[in-house]
>>> print(open('protein.csv').read())   # CSV, C-alpha atoms and all ligand atoms
chain,number,residue,atom,x,y,z
S,1,MET,CA,45.3,115.7,146.1
S,2,LYS,CA,42.7,115.5,148.8
S,3,ARG,CA,43.6,113.1,151.6
S,4,PHE,CA,41.5,113.6,154.6
S,5,ILE,CA,40.9,112.0,158.0
S,6,PHE,CA,37.6,112.5,159.8
S,7,LEU,CA,38.4,112.1,163.5
S,8,GLY,CA,36.1,112.0,166.5
S,9,ALA,CA,34.3,109.8,168.9
S,10,PRO,CA,31.7,107.5,167.6
S,11,GLY,CA,28.4,109.4,167.1
S,12,THR,CA,29.9,112.8,166.4
S,13,GLY,CA,28.6,112.7,162.8
S,14,LYS,CA,31.8,112.0,160.9
S,15,GLY,CA,30.3,109.0,159.0
S,16,THR,CA,27.3,111.0,157.9
S,17,GLN,CA,29.4,113.9,156.7
S,18,ALA,CA,32.0,111.6,155.1
S,19,SER,CA,29.4,109.9,153.0
S,20,VAL,CA,28.0,113.1,151.6
S,21,LEU,CA,31.4,114.8,151.1
S,22,ALA,CA,32.9,111.7,149.5
S,23,LEU,CA,30.2,112.0,146.8
S,24,LYS,CA,30.7,115.8,146.4
S,25,TYR,CA,34.5,115.5,145.9
S,26,ASP,CA,34.4,112.1,144.1
S,27,LEU,CA,36.6,110.5,146.7
S,28,PRO,CA,36.3,107.0,148.2
S,29,GLN,CA,35.0,107.0,151.8
S,30,ILE,CA,37.2,104.5,153.5
S,31,SER,CA,35.5,103.3,156.8
S,32,THR,CA,37.3,100.5,158.6
S,33,GLY,CA,34.1,99.9,160.6
S,34,ASP,CA,32.2,99.3,157.4
S,35,ILE,CA,34.9,97.0,156.0
S,36,LEU,CA,34.8,95.0,159.3
S,37,ARG,CA,31.0,94.8,159.4
S,38,LYS,CA,31.0,93.5,155.9
S,39,ALA,CA,33.5,90.8,156.9
S,40,VAL,CA,31.4,89.8,159.9
S,41,ALA,CA,28.3,89.6,157.8
S,42,GLU,CA,30.1,87.4,155.2
S,43,GLY,CA,31.6,85.2,158.0
S,44,THR,CA,35.2,85.5,156.6
S,45,ASP,CA,38.3,84.7,158.7
S,46,LEU,CA,38.7,88.4,159.3
S,47,GLY,CA,35.0,88.7,160.3
S,48,LYS,CA,35.4,85.8,162.8
S,49,LYS,CA,38.3,87.5,164.4
S,50,ALA,CA,36.6,90.9,164.6
S,51,LYS,CA,33.1,89.9,165.6
S,52,GLN,CA,33.5,89.6,169.4
S,53,ILE,CA,35.8,92.6,169.7
S,54,MET,CA,33.3,94.8,167.9
S,55,GLU,CA,30.4,93.6,169.9
S,56,THR,CA,32.1,94.7,173.1
S,57,GLY,CA,33.3,98.0,171.7
S,58,GLY,CA,37.0,97.2,171.8
S,59,LEU,CA,39.5,97.8,169.1
S,60,VAL,CA,40.5,95.3,166.4
S,61,SER,CA,44.3,94.9,166.4
S,62,ASP,CA,46.5,97.4,164.7
S,63,ASP,CA,48.1,94.7,162.5
S,64,ILE,CA,44.8,93.6,161.1
S,65,ILE,CA,43.6,97.2,160.5
S,66,LEU,CA,46.9,98.2,158.9
S,67,SER,CA,46.9,95.3,156.5
S,68,LEU,CA,43.3,96.2,155.5
S,69,ILE,CA,44.3,99.8,154.9
S,70,GLU,CA,47.5,98.9,153.0
S,71,LYS,CA,45.5,96.8,150.5
S,72,ARG,CA,42.7,99.4,150.3
S,73,LEU,CA,45.1,102.2,149.4
S,74,GLN,CA,46.4,100.1,146.5
S,75,GLU,CA,43.0,100.1,144.8
S,76,ALA,CA,42.5,102.4,141.8
S,77,ASP,CA,39.9,104.7,143.3
S,78,ALA,CA,42.2,105.6,146.2
S,79,GLN,CA,44.9,107.0,143.9
S,80,LYS,CA,43.0,110.3,143.6
S,81,GLY,CA,42.7,110.8,147.4
S,82,PHE,CA,40.3,109.6,150.1
S,83,ILE,CA,38.3,110.3,153.2
S,84,PHE,CA,39.1,108.1,156.1
S,85,ASP,CA,36.2,107.6,158.5
S,86,GLY,CA,37.1,105.7,161.7
S,87,PHE,CA,40.7,105.3,160.9
S,88,PRO,CA,43.3,105.8,162.3
S,89,ARG,CA,42.2,105.0,165.8
S,90,THR,CA,45.5,104.6,167.6
S,91,ILE,CA,48.9,106.5,167.6
S,92,LYS,CA,50.4,103.3,166.0
S,93,GLN,CA,47.9,103.4,163.2
S,94,ALA,CA,48.6,107.1,162.6
S,95,GLN,CA,52.3,106.5,162.5
S,96,GLU,CA,52.1,103.6,160.2
S,97,LEU,CA,49.7,105.6,157.9
S,98,ASP,CA,52.3,108.3,157.7
S,99,ALA,CA,54.9,105.6,156.7
S,100,LEU,CA,52.6,104.2,154.1
S,101,LEU,CA,52.2,107.7,152.6
S,102,SER,CA,55.9,108.6,152.7
S,103,GLY,CA,57.1,109.8,149.4
S,104,THR,CA,53.8,111.6,148.8
S,105,ASP,CA,52.7,114.9,150.2
S,106,GLY,CA,50.9,113.0,152.9
S,107,ILE,CA,47.6,113.7,154.7
S,108,SER,CA,46.0,117.0,153.6
S,109,GLY,CA,44.1,117.6,156.8
S,110,VAL,CA,42.3,116.1,159.8
S,111,ILE,CA,38.8,117.2,160.6
S,112,TYR,CA,38.1,116.7,164.3
S,113,PHE,CA,34.5,116.5,165.3
S,114,GLN,CA,34.0,117.8,168.8
S,115,VAL,CA,30.8,116.8,170.6
S,116,ASP,CA,30.3,116.4,174.4
S,117,GLU,CA,29.8,113.0,175.8
S,118,ASP,CA,26.2,113.1,177.0
S,119,GLU,CA,25.1,114.3,173.6
S,120,ILE,CA,27.1,111.4,172.0
S,121,VAL,CA,25.4,108.8,174.2
S,122,LYS,CA,22.0,110.3,173.3
S,123,ARG,CA,22.8,110.2,169.6
S,124,LEU,CA,24.2,106.7,169.5
S,125,THR,CA,21.5,105.0,171.5
S,126,SER,CA,18.9,106.6,169.2
S,127,ARG,CA,20.7,105.7,166.0
S,128,ARG,CA,19.3,103.0,163.8
S,129,THR,CA,21.2,101.6,160.7
S,130,CYS,CA,20.2,99.9,157.5
S,131,SER,CA,21.7,96.4,157.7
S,132,GLN,CA,22.1,96.4,154.0
S,133,CYS,CA,23.4,99.8,152.8
S,134,GLY,CA,24.6,101.2,156.1
S,135,LEU,CA,22.4,104.4,155.9
S,136,ASN,CA,21.9,105.9,159.4
S,137,TYR,CA,18.6,107.0,160.9
S,138,ASN,CA,17.8,108.5,164.3
S,139,ILE,CA,14.6,107.6,166.1
S,140,ILE,CA,14.3,111.3,167.4
S,141,THR,CA,15.5,113.4,164.5
S,142,ASP,CA,15.2,111.2,161.4
S,143,PRO,CA,13.1,108.2,162.1
S,144,PRO,CA,13.1,105.2,159.7
S,145,PRO,CA,9.9,104.2,157.9
S,146,THR,CA,7.4,102.5,160.2
S,147,ASP,CA,7.8,99.1,158.5
S,148,LEU,CA,11.6,99.4,159.3
S,149,LYS,CA,12.5,99.0,155.6
S,150,CYS,CA,15.3,101.3,154.5
S,151,ARG,CA,13.9,104.2,152.3
S,152,VAL,CA,16.9,103.9,150.0
S,153,CYS,CA,17.5,100.1,149.5
S,154,GLY,CA,14.6,98.4,151.3
S,155,GLY,CA,17.0,96.6,153.7
S,156,ALA,CA,16.0,95.9,157.3
S,157,VAL,CA,16.7,98.9,159.6
S,158,ILE,CA,18.2,97.7,162.9
S,159,GLN,CA,20.0,98.9,166.0
S,160,ARG,CA,23.6,98.0,165.8
S,161,ASP,CA,24.6,95.8,168.7
S,162,ASP,CA,27.4,98.2,169.5
S,163,ASP,CA,24.9,101.1,169.7
S,164,LYS,CA,23.3,99.6,172.8
S,165,GLU,CA,24.1,101.7,175.9
S,166,ALA,CA,26.6,99.5,177.7
S,167,THR,CA,28.7,99.1,174.6
S,168,VAL,CA,28.4,102.8,173.7
S,169,ARG,CA,29.9,103.7,177.2
S,170,ASN,CA,32.7,101.2,176.6
S,171,ARG,CA,33.4,102.6,173.1
S,172,LEU,CA,33.7,106.0,174.7
S,173,VAL,CA,36.2,104.8,177.3
S,174,VAL,CA,38.2,103.1,174.5
S,175,TYR,CA,38.0,106.3,172.4
S,176,ASN,CA,39.3,108.5,175.3
S,177,ASP,CA,42.1,106.1,176.0
S,178,LYS,CA,43.3,105.1,172.6
S,179,THR,CA,42.0,107.6,170.0
S,180,ALA,CA,41.7,111.0,171.7
S,181,PRO,CA,45.6,111.2,171.8
S,182,LEU,CA,45.4,111.6,168.0
S,183,VAL,CA,44.1,115.1,168.4
S,184,LYS,CA,47.5,116.2,169.9
S,185,TYR,CA,49.4,114.1,167.3
S,186,TYR,CA,47.8,115.9,164.4
S,187,GLN,CA,47.8,119.3,166.1
S,188,GLY,CA,51.6,118.8,166.5
S,189,ASN,CA,51.8,118.1,162.7
S,190,ASP,CA,49.7,121.2,162.1
S,191,LYS,CA,47.0,119.2,160.3
S,192,LEU,CA,44.1,119.6,162.7
S,193,TYR,CA,40.9,121.5,161.9
S,194,THR,CA,38.3,121.4,164.7
S,195,VAL,CA,34.6,121.6,164.0
S,196,ASP,CA,31.9,121.9,166.6
S,197,GLY,CA,29.9,118.8,165.8
S,198,ALA,CA,27.0,119.8,168.0
S,199,GLN,CA,25.8,122.3,165.4
S,200,PRO,CA,23.2,121.5,162.8
S,201,VAL,CA,24.4,119.0,160.1
S,202,GLN,CA,24.2,121.6,157.3
S,203,ILE,CA,26.4,124.1,159.2
S,204,VAL,CA,29.0,121.5,160.1
S,205,ARG,CA,29.0,120.4,156.4
S,206,GLN,CA,29.6,123.9,155.1
S,207,LYS,CA,32.5,124.5,157.5
S,208,ILE,CA,34.1,121.3,156.3
S,209,ILE,CA,33.6,122.2,152.7
S,210,ASP,CA,35.2,125.6,153.2
S,211,TYR,CA,38.2,123.9,154.8
S,212,MET,CA,38.5,121.1,152.2
S,213,ASN,CA,38.3,123.6,149.3
S,214,ARG,CA,41.6,125.0,150.5
S,215,PHE,CA,43.4,121.9,149.3
S,301,LIG,P1,32.9,102.3,163.7
S,301,LIG,O1,31.8,101.9,162.7
S,301,LIG,O2,34.0,103.1,163.0
S,301,LIG,O3,32.4,102.8,165.0
S,301,LIG,O4,33.6,100.9,164.0
S,301,LIG,C1,32.9,99.8,164.6
S,301,LIG,C2,33.9,98.9,165.4
S,301,LIG,O5,34.9,98.4,164.5
S,301,LIG,C3,34.8,99.6,166.4
S,301,LIG,O6,34.1,99.7,167.7
S,301,LIG,C4,36.0,98.7,166.5
S,301,LIG,O7,35.7,97.5,167.2
S,301,LIG,C5,36.2,98.3,165.0
S,301,LIG,N1,37.1,99.2,164.3
S,301,LIG,C6,36.7,100.1,163.3
S,301,LIG,N2,37.8,100.8,162.9
S,301,LIG,C7,38.8,100.4,163.6
S,301,LIG,C8,40.2,100.8,163.7
S,301,LIG,N3,40.7,101.8,162.8
S,301,LIG,N4,41.0,100.2,164.6
S,301,LIG,C9,40.5,99.3,165.4
S,301,LIG,N5,39.2,98.9,165.5
S,301,LIG,C10,38.4,99.4,164.6
>>> encode(input="protein.csv", output="structure tokens", more="lines below")
Ligand code: AMP
Amino acid sequence: MKRFIFLGAPGTGKGTQASVLALKYDLPQISTGDILRKAVAEGTDLGKKAKQIMETGGLVSDDIILSLIEKRLQEADAQKGFIFDGFPRTIKQAQELDALLSGTDGISGVIYFQVDEDEIVKRLTSRRTCSQCGLNYNIITDPPPTDLKCRVCGGAVIQRDDDKEATVRNRLVVYNDKTAPLVKYYQGNDKLYTVDGAQPVQIVRQKIIDYMNRF
């Protein structure tokens, strides 16, 4: 059973790698950020609660996130394993996840994407995203079509509000404070695999594949 967590600051490439590797291994990519953005777009109760927090780069409460995850893990496609992208983000979330998986062989491994902070700011502020299918572009390395229509689905390519510089800086403060401690948590459980996320995408991908194939 492959149950993986892709851990790292925003902009380290975990979402990009998760979407390709989820296809390769036929696993669901479970991104709490994507679930929340969908709820915001649909204007659900959850979306209303999450909207402002997300716009400022804060974290949505552990209780909300954990109830989302608990439901998601009950769906049929999650029975064969998963790749978590952007979850867990706090020690509490990690502990509760361990509790949810008790009675199974638990998390297979945690891939930690290490990238320095200046590089992250550069990447995130140049990121653009399809508002419909979520595909990421980068105005420097992978620009969207000039008409700003997604090359896959035709949706409008935009800059996420939370990719604007002030919010990016705040997301990094929140990451260092709340999420970075998970590195030690998973190191302690002997689950951590660190990858240098500053390397080219294909090289990072191959390293992760070599690691995931061990499970
Ligand atoms: P992401 O796309 O993973 O960067 O998530 C976008 C935003 O959604 C974050 O900045 C948080 O406000 C919120 N969010 C996503 N995942 C979580 C989580 N596991 N815990 C708390 N907030 C989250």
>>> residues_around(input="protein.csv", residues="S:Ser67", least_positions_apart="4", cutoff="12 Å", atoms="all atoms listed in the file", output="MDAnalysis selection string")
chainID S and resid 32 46 60:63 71:74 93 96:97 100
>>> residues_around(input="protein.csv", residues="stretch 129-131 of chain S", least_positions_apart="3", cutoff="10 Å", atoms="all atoms listed in the file", output="CSV table (one decimal) with C-alpha atoms, in the coordinates of the input")
chain,number,residue,atom,x,y,z
S,37,ARG,CA,31.0,94.8,159.4
S,38,LYS,CA,31.0,93.5,155.9
S,41,ALA,CA,28.3,89.6,157.8
S,134,GLY,CA,24.6,101.2,156.1
S,135,LEU,CA,22.4,104.4,155.9
S,136,ASN,CA,21.9,105.9,159.4
S,137,TYR,CA,18.6,107.0,160.9
S,138,ASN,CA,17.8,108.5,164.3
S,144,PRO,CA,13.1,105.2,159.7
S,148,LEU,CA,11.6,99.4,159.3
S,149,LYS,CA,12.5,99.0,155.6
S,150,CYS,CA,15.3,101.3,154.5
S,151,ARG,CA,13.9,104.2,152.3
S,152,VAL,CA,16.9,103.9,150.0
S,153,CYS,CA,17.5,100.1,149.5
S,154,GLY,CA,14.6,98.4,151.3
S,155,GLY,CA,17.0,96.6,153.7
S,156,ALA,CA,16.0,95.9,157.3
S,157,VAL,CA,16.7,98.9,159.6
S,158,ILE,CA,18.2,97.7,162.9
S,159,GLN,CA,20.0,98.9,166.0
S,160,ARG,CA,23.6,98.0,165.8
S,163,ASP,CA,24.9,101.1,169.7
>>> residues_around(input="protein.csv", residues="stretch 84-88 of chain S", least_positions_apart="3", cutoff="7 Å", atoms="only C-alpha atoms", output="number ranges by chain")
S: 4-7, 14-15, 18, 29-33, 93-94
>>> residues_around(input="protein.csv", residues="stretch 9-13 of chain S", least_positions_apart="3", cutoff="7 Å", atoms="all atoms listed in the file", output="MDAnalysis selection string")
chainID S and resid 16:17 113:115 120 123:124 172 175 197
>>> atom_distance(input="protein.csv", atom1="atom CA of S:Lys184", atom2="atom CA of S:Glu55")
28.3 Å
>>> residues_around(input="protein.csv", residues="S:Arg205", least_positions_apart="3", cutoff="9 Å", atoms="all atoms listed in the file", output="count of residues only")
9
>>> closest_residue(input="protein.csv", among="S:Gly106, S:Pro143, S:Gln199, S:Arg89", to="S:Glu119", atoms="only C-alpha atoms")
S:Gln199
>>> closest_residue(input="protein.csv", among="S:Ala76, S:Leu101, S:Ile107, S:Met212", to="S:Ala22", atoms="all atoms listed in the file")
S:Met212
>>> closest_residue(input="protein.csv", among="S:Arg127, S:Lys80, S:Lys207, S:Lys51", to="ligand LIG 301 (chain S)", atoms="only C-alpha atoms and all ligand atoms")
S:Lys51
>>> closest_residue(input="protein.csv", among="S:Asn189, S:Thr44, S:Ser102, S:Gln52", to="ligand LIG 301 (chain S)", atoms="all atoms listed in the file")
S:Gln52
>>> atom_distance(input="protein.csv", atom1="atom CA of S:Asp105", atom2="atom CA of S:Gly188")
16.8 Å
>>> atom_distance(input="protein.csv", atom1="atom O4 of ligand LIG 301 (chain S)", atom2="atom CA of S:Phe215")
27.4 Å
>>> axis_aligned_box(input="protein.csv", around="ligand LIG 301 (chain S)", padding_each_side="5 Å", output="lines of an AutoDock Vina configuration file")
center_x = 36.4
center_y = 100.3
center_z = 165.2
size_x = 19.2
size_y = 15.6
size_z = 15.0
>>> closest_residue(input="protein.csv", among="S:Asp147, S:Asp162, S:Asp26, S:Glu117", to="ligand LIG 301 (chain S)", atoms="all atoms listed in the file")
S:Asp162
>>> closest_residue(input="protein.csv", among="S:Gly109, S:Gly58, S:Gly81, S:Pro145", to="ligand LIG 301 (chain S)", atoms="all atoms listed in the file")
S:Gly58
>>> build_atoms(input="protein.csv", residues="stretch 106-126 of chain S", atoms="N, CA and C atoms", output="compact mmCIF listing (two decimals), keeping the file's coordinate frame")
# COMPACT_ATOMS: atom_id res chain seq x y z
N GLY S 106 51.50 113.39 151.67
CA GLY S 106 50.90 113.00 152.90
C GLY S 106 49.45 113.39 153.12
N ILE S 107 49.01 113.34 154.38
CA ILE S 107 47.60 113.70 154.70
C ILE S 107 47.43 115.21 154.47
N SER S 108 46.31 115.57 153.83
CA SER S 108 46.00 117.00 153.60
C SER S 108 45.59 117.64 154.93
N GLY S 109 44.61 117.02 155.58
CA GLY S 109 44.10 117.60 156.80
C GLY S 109 43.27 116.61 157.59
N VAL S 110 43.08 116.92 158.87
CA VAL S 110 42.30 116.10 159.80
C VAL S 110 41.17 116.90 160.32
N ILE S 111 39.95 116.46 160.07
CA ILE S 111 38.80 117.20 160.60
C ILE S 111 38.37 116.52 161.88
N TYR S 112 38.45 117.29 162.95
CA TYR S 112 38.10 116.70 164.30
C TYR S 112 36.76 117.20 164.70
N PHE S 113 35.86 116.25 164.89
CA PHE S 113 34.50 116.50 165.30
C PHE S 113 34.36 116.50 166.78
N GLN S 114 34.10 117.69 167.34
CA GLN S 114 34.00 117.80 168.80
C GLN S 114 32.56 117.85 169.25
N VAL S 115 32.20 116.90 170.11
CA VAL S 115 30.80 116.80 170.60
C VAL S 115 30.91 116.34 172.08
N ASP S 116 30.10 116.90 173.01
CA ASP S 116 30.30 116.40 174.40
C ASP S 116 29.60 115.06 174.61
N GLU S 117 30.09 114.40 175.67
CA GLU S 117 29.80 113.00 175.80
C GLU S 117 28.35 112.62 176.03
N ASP S 118 27.62 113.43 176.80
CA ASP S 118 26.20 113.10 177.00
C ASP S 118 25.43 113.17 175.70
N GLU S 119 25.78 114.14 174.87
CA GLU S 119 25.10 114.30 173.60
C GLU S 119 25.45 113.05 172.70
N ILE S 120 26.68 112.57 172.77
CA ILE S 120 27.10 111.40 172.00
C ILE S 120 26.26 110.17 172.39
N VAL S 121 26.12 109.97 173.71
CA VAL S 121 25.40 108.80 174.20
C VAL S 121 23.93 108.88 173.69
N LYS S 122 23.36 110.09 173.78
CA LYS S 122 22.00 110.30 173.30
C LYS S 122 21.87 109.95 171.81
N ARG S 123 22.82 110.47 171.06
CA ARG S 123 22.80 110.20 169.60
C ARG S 123 22.94 108.78 169.24
N LEU S 124 23.92 108.12 169.88
CA LEU S 124 24.20 106.70 169.50
C LEU S 124 23.13 105.77 169.86
N THR S 125 22.54 105.97 171.06
CA THR S 125 21.50 105.00 171.50
C THR S 125 20.22 105.25 170.71
N SER S 126 20.08 106.41 170.07
CA SER S 126 18.90 106.60 169.20
C SER S 126 19.16 106.37 167.76
